[in-house]
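S.K.: Before anything else, here's the structure in question.
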Amino acid sequence: MKRFAWGHWVVVGYFLFGLLYAIYANNWGDEPYRSFAYHLGQGLVWPVMVLPGLGKFIGGLLIVAMVAFVMAS
């Protein structure tokens with residue numbers, strides 16, 4: 001009997017939740033006039049869409065990382 005890695009189930013669960021978020025946003029979200037592809041793209045980064053503060057935090061980290069990269073070179 002083969003054992004499944006927990007990481008596999010976490011990744012599958014993340015993408016499944018993203019797909020469910022895309023279906024919800026496409027039918028009942030704030031922007032139902034947008035295409036399903038647009039909502040599917042949002043579903044890939046669903047934690048940022050559900051928690052807007054997390055998106056600002058990640059954006060801040062990216063800015064700091066870019067400034068550090070420029071200063072290091």
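Following the order of the structure tokens, first chain is A, next is B, and so on, with residues numbered from 1 inside each chain and ligands from 1 in the order they appear.
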Under the rule of at most 12 Å, produce a per-residue listing of stretch 36-68 of chain A near stretch 19-22 of chain A: chain, number, name, the closest pair of atoms, and the distance in Å, as a Markdown table, using only C-alpha atoms.
M.R.:
```
| residue | atom | partner | partner_atom | distance |
| --- | --- | --- | --- | --- |
| A:Phe36 | CA | A:Ala22 | CA | 7.2 |
| A:Ala37 | CA | A:Ala22 | CA | 8.6 |
| A:Tyr38 | CA | A:Ala22 | CA | 8.5 |
| A:His39 | CA | A:Ala22 | CA | 4.9 |
| A:Leu40 | CA | A:Ala22 | CA | 5.0 |
| A:Gly41 | CA | A:Ala22 | CA | 8.0 |
| A:Gln42 | CA | A:Ala22 | CA | 6.9 |
| A:Gly43 | CA | A:Ala22 | CA | 5.1 |
| A:Leu44 | CA | A:Leu19 | CA | 7.9 |
| A:Val45 | CA | A:Tyr21 | CA | 10.0 |
| A:Trp46 | CA | A:Tyr21 | CA | 7.1 |
| A:Pro47 | CA | A:Tyr21 | CA | 10.1 |
| A:Val48 | CA | A:Tyr21 | CA | 11.9 |
| A:Met49 | CA | A:Tyr21 | CA | 9.5 |
| A:Val50 | CA | A:Tyr21 | CA | 9.4 |
```
S.K.: So which residues of chain A fall under alpha helix (DSSP H) by DSSP, listed as a ChimeraX atom specification?
M.R.: /A:6-28,36-44,46-50,52-72
S.K.: Grab the atom CA of A:Asp30 to atom CA of A:Gly18 distance for me, in Å with one decimal place.
M.R.: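 Atom CA of A:Gly18 lies at a distance of 16.5 Å from atom CA of A:Asp30.
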S.K.: Could you tell me how far atom CA of A:Leu61 lies from atom CA of A:Gly29, in Å and to one decimal?
M.R.: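 Between these atoms lies a distance of 28.4 Å.
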S.K.: What is the distance, in Å and to one decimal place, between atom CA of A:Leu16 and atom CA of A:Ser35?
M.R.: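 Those two atoms sit 19.0 Å apart.
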